[in-house]
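First comes the structure, then the notes that go with it.
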Amino acid sequence: MSHNDTVPLYQSSQSDIDEIENMMNGGFQSGPGSVLPARPPSPIRPSIPVTSSPFVQSNLPPLAPAQKVTPVPVPPAGSGGSEGGKAMGFGSPANTLTEPVWETVKRDVGRIGSNLKLVVFPNPNREDPGKALRDWDLWGPFFFIVFLGLTLSWSASVKKSEVFAVAFALLAAGAVILTLNVLLLGGHIIFFQSLSLLGYCLFPLDVGAVICMLKDNVILKMIVVCVTLAWSSWAAYPFMSAAVNPRRKALALYPVFLMYVSVGFLIIAID
Amino acid sequence: MQAPVENYANPKTCLFHVLFKGAALAFYILSALFFNSFVIIFVVTVLLAALDFWVVKNVSGRILVGLRWWNEINDLGESVWKFESLDQESLARMNKKDSWLFWWTLYLAAAAWFILGVFSLIRFQADYLLVVGVCLSLNVANIIGFTKCKKDAKKQLQQFASQTIASRFQSTVQSAFTLV
């Protein structure tokens, strides 16, 4: 008496790709020529069938649902954007290994947009700062810092290279130091998450710098810088304050404000 | 009949894998001859290095060696490193040339940036050191990520193998007793 059931006798530690492959390839074996190395028709399920044939093509083995990894926010592109396309929410992790490149790009770019909206614009998710920037990425901050440096460098009439280098180093080192400050105050924040946040909060200052570059009126510059400065600080406030002990909120927030003020001065003072 | 010599299985991906790395290094080295402006050198080099980082992490890592790594924040607010790899079958089927190219160009690029960094350090050029520092850290991040991912894949493989042996033994014994 042989029955064709394949009974997994143990929790398989195989990756989820196999699960999905088996389900999709059900009984289908593609020819050798059409197989990409990244997506092999591997039907071999580690369960032991009671028949004599050791390999049974995906008989839809009863996979324990507990094995499936819960959908997680997509992480950055390695920096990928983060940073890398930083995170993007996606259904099952198995798909990311075999997805087309275009989808990865779309995912990463979409993540930059969603992170920006989350951090800089008013939205209901700001109530829960810890959850809001869950899928951090570093592409957005990278672009904003470079853009700010370029704008400042363009507005400067002399020493353009130094202006750029100083702006970039100031912003990058400033973000790192501010994060260390929060961590040393006993706050709970992930290093890269905080870098990502501080980078995204530069967006208003970017806008301000562009406006100041186009119009050279000093009064206008001061007003624009004040407004964008307030906007940046407002954007950074909930995340930073939620990360530390309430009694140390000011200690954590003051340096952030100071850095944005100094960037504001850079924008005004550039001629 | 002789088996054909194994060629690159993914020539386009290999090309891209090497392209951005090489472009960043070449631009950095040659730009001093053509451009006077540090800003352009910085922005273009770092942009190429960032693109290379993204390509290696998301595209060539997946296709050439079947590995992927990323970082995410779980519900408790802790940072977790996740690794993903293809199963044993497909890993064994990976083109040897592809993976050789992948790993060696990663190491060579990092070594090249390190040497360039030493040069700029000797010449006391702090701003060029900044460029080299950024590019080097991007390369090293990829190396560390993929190495950890490979180790994790090996570990999973061993676990799987030992479980398979145990369960096969168990079921063989079982069927020996239940066969009519």
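To be explicit about the labels: the chains of the structure tokens are called A, B, and onward in the order shown, and within each one the residues are counted from 1, while ligands get numbers from 1 in the order they are shown.
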
Legend entry - Expected answer as a ChimeraX atom specification: helix (DSSP H, G or I) residues in stretch 1-165 of chain B: /B:11-34,38-65,88-93,96-122,126-165

Inset, instruction - Can you check which residues of chain B have any atom within 6 Å of chain A? Use only C-alpha atoms and format it as an NGL selection string. - result: :B and (38-39 or 54 or 57 or 62-63 or 70-73 or 90 or 94 or 160)

Legend entry - Using only C-alpha atoms: which of A:Ala172, A:Met213, A:Ser232, A:Val263 has the shortest distance to B:Val134: A:Ala172

Legend entry - Per-residue DSSP, stretch 2-178 of chain B, filtered to strand (DSSP E), as a list in words: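 The residues of stretch 2-178 of chain B classed as strand (DSSP E) are Leu67, Arg68, Trp69, Trp70, Asn71, Glu72, Ile73, Ser79, Val80, Trp81, Lys82, Phe83, Glu84 and Ser85 of chain B.
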
Could you dump the residues just selected with N, CA and C atoms as a PDB file, in the first residue's frame?
ATOM      1  N   LEU B  67      22.172  35.700  -3.203  1.00  0.00           N
ATOM      2  CA  LEU B  67      22.134  36.121  -1.809  1.00  0.00           C
ATOM      3  C   LEU B  67      21.502  37.496  -1.708  1.00  0.00           C
ATOM      4  N   ARG B  68      20.913  37.768  -0.566  1.00  0.00           N
ATOM      5  CA  ARG B  68      20.368  39.107  -0.347  1.00  0.00           C
ATOM      6  C   ARG B  68      20.381  39.419   1.133  1.00  0.00           C
ATOM      7  N   TRP B  69      20.705  40.636   1.457  1.00  0.00           N
ATOM      8  CA  TRP B  69      20.701  41.022   2.864  1.00  0.00           C
ATOM      9  C   TRP B  69      20.036  42.374   3.013  1.00  0.00           C
ATOM     10  N   TRP B  70      19.414  42.573   4.130  1.00  0.00           N
ATOM     11  CA  TRP B  70      18.859  43.889   4.425  1.00  0.00           C
ATOM     12  C   TRP B  70      18.623  44.028   5.914  1.00  0.00           C
ATOM     13  N   ASN B  71      18.274  45.221   6.258  1.00  0.00           N
ATOM     14  CA  ASN B  71      18.069  45.530   7.662  1.00  0.00           C
ATOM     15  C   ASN B  71      16.647  46.029   7.823  1.00  0.00           C
ATOM     16  N   GLU B  72      15.981  45.542   8.846  1.00  0.00           N
ATOM     17  CA  GLU B  72      14.657  46.088   9.083  1.00  0.00           C
ATOM     18  C   GLU B  72      14.444  46.246  10.569  1.00  0.00           C
ATOM     19  N   ILE B  73      13.401  46.978  10.873  1.00  0.00           N
ATOM     20  CA  ILE B  73      13.111  47.270  12.282  1.00  0.00           C
ATOM     21  C   ILE B  73      11.839  46.521  12.643  1.00  0.00           C
ATOM     22  N   SER B  79      16.602  46.752  15.656  1.00  0.00           N
ATOM     23  CA  SER B  79      17.096  46.592  14.295  1.00  0.00           C
ATOM     24  C   SER B  79      17.513  45.142  14.073  1.00  0.00           C
ATOM     25  N   VAL B  80      16.988  44.568  13.016  1.00  0.00           N
ATOM     26  CA  VAL B  80      17.255  43.154  12.745  1.00  0.00           C
ATOM     27  C   VAL B  80      17.866  43.024  11.353  1.00  0.00           C
ATOM     28  N   TRP B  81      18.921  42.216  11.249  1.00  0.00           N
ATOM     29  CA  TRP B  81      19.522  41.979   9.944  1.00  0.00           C
ATOM     30  C   TRP B  81      18.912  40.713   9.365  1.00  0.00           C
ATOM     31  N   LYS B  82      18.380  40.859   8.174  1.00  0.00           N
ATOM     32  CA  LYS B  82      17.749  39.696   7.557  1.00  0.00           C
ATOM     33  C   LYS B  82      18.597  39.215   6.393  1.00  0.00           C
ATOM     34  N   PHE B  83      18.684  37.903   6.259  1.00  0.00           N
ATOM     35  CA  PHE B  83      19.433  37.340   5.137  1.00  0.00           C
ATOM     36  C   PHE B  83      18.545  36.399   4.368  1.00  0.00           C
ATOM     37  N   GLU B  84      18.742  36.376   3.104  1.00  0.00           N
ATOM     38  CA  GLU B  84      17.920  35.532   2.268  1.00  0.00           C
ATOM     39  C   GLU B  84      18.819  34.868   1.242  1.00  0.00           C
ATOM     40  N   SER B  85      18.592  33.576   1.024  1.00  0.00           N
ATOM     41  CA  SER B  85      19.416  32.920   0.019  1.00  0.00           C
ATOM     42  C   SER B  85      18.592  31.862  -0.696  1.00  0.00           C
TER      43      SER B  85
END
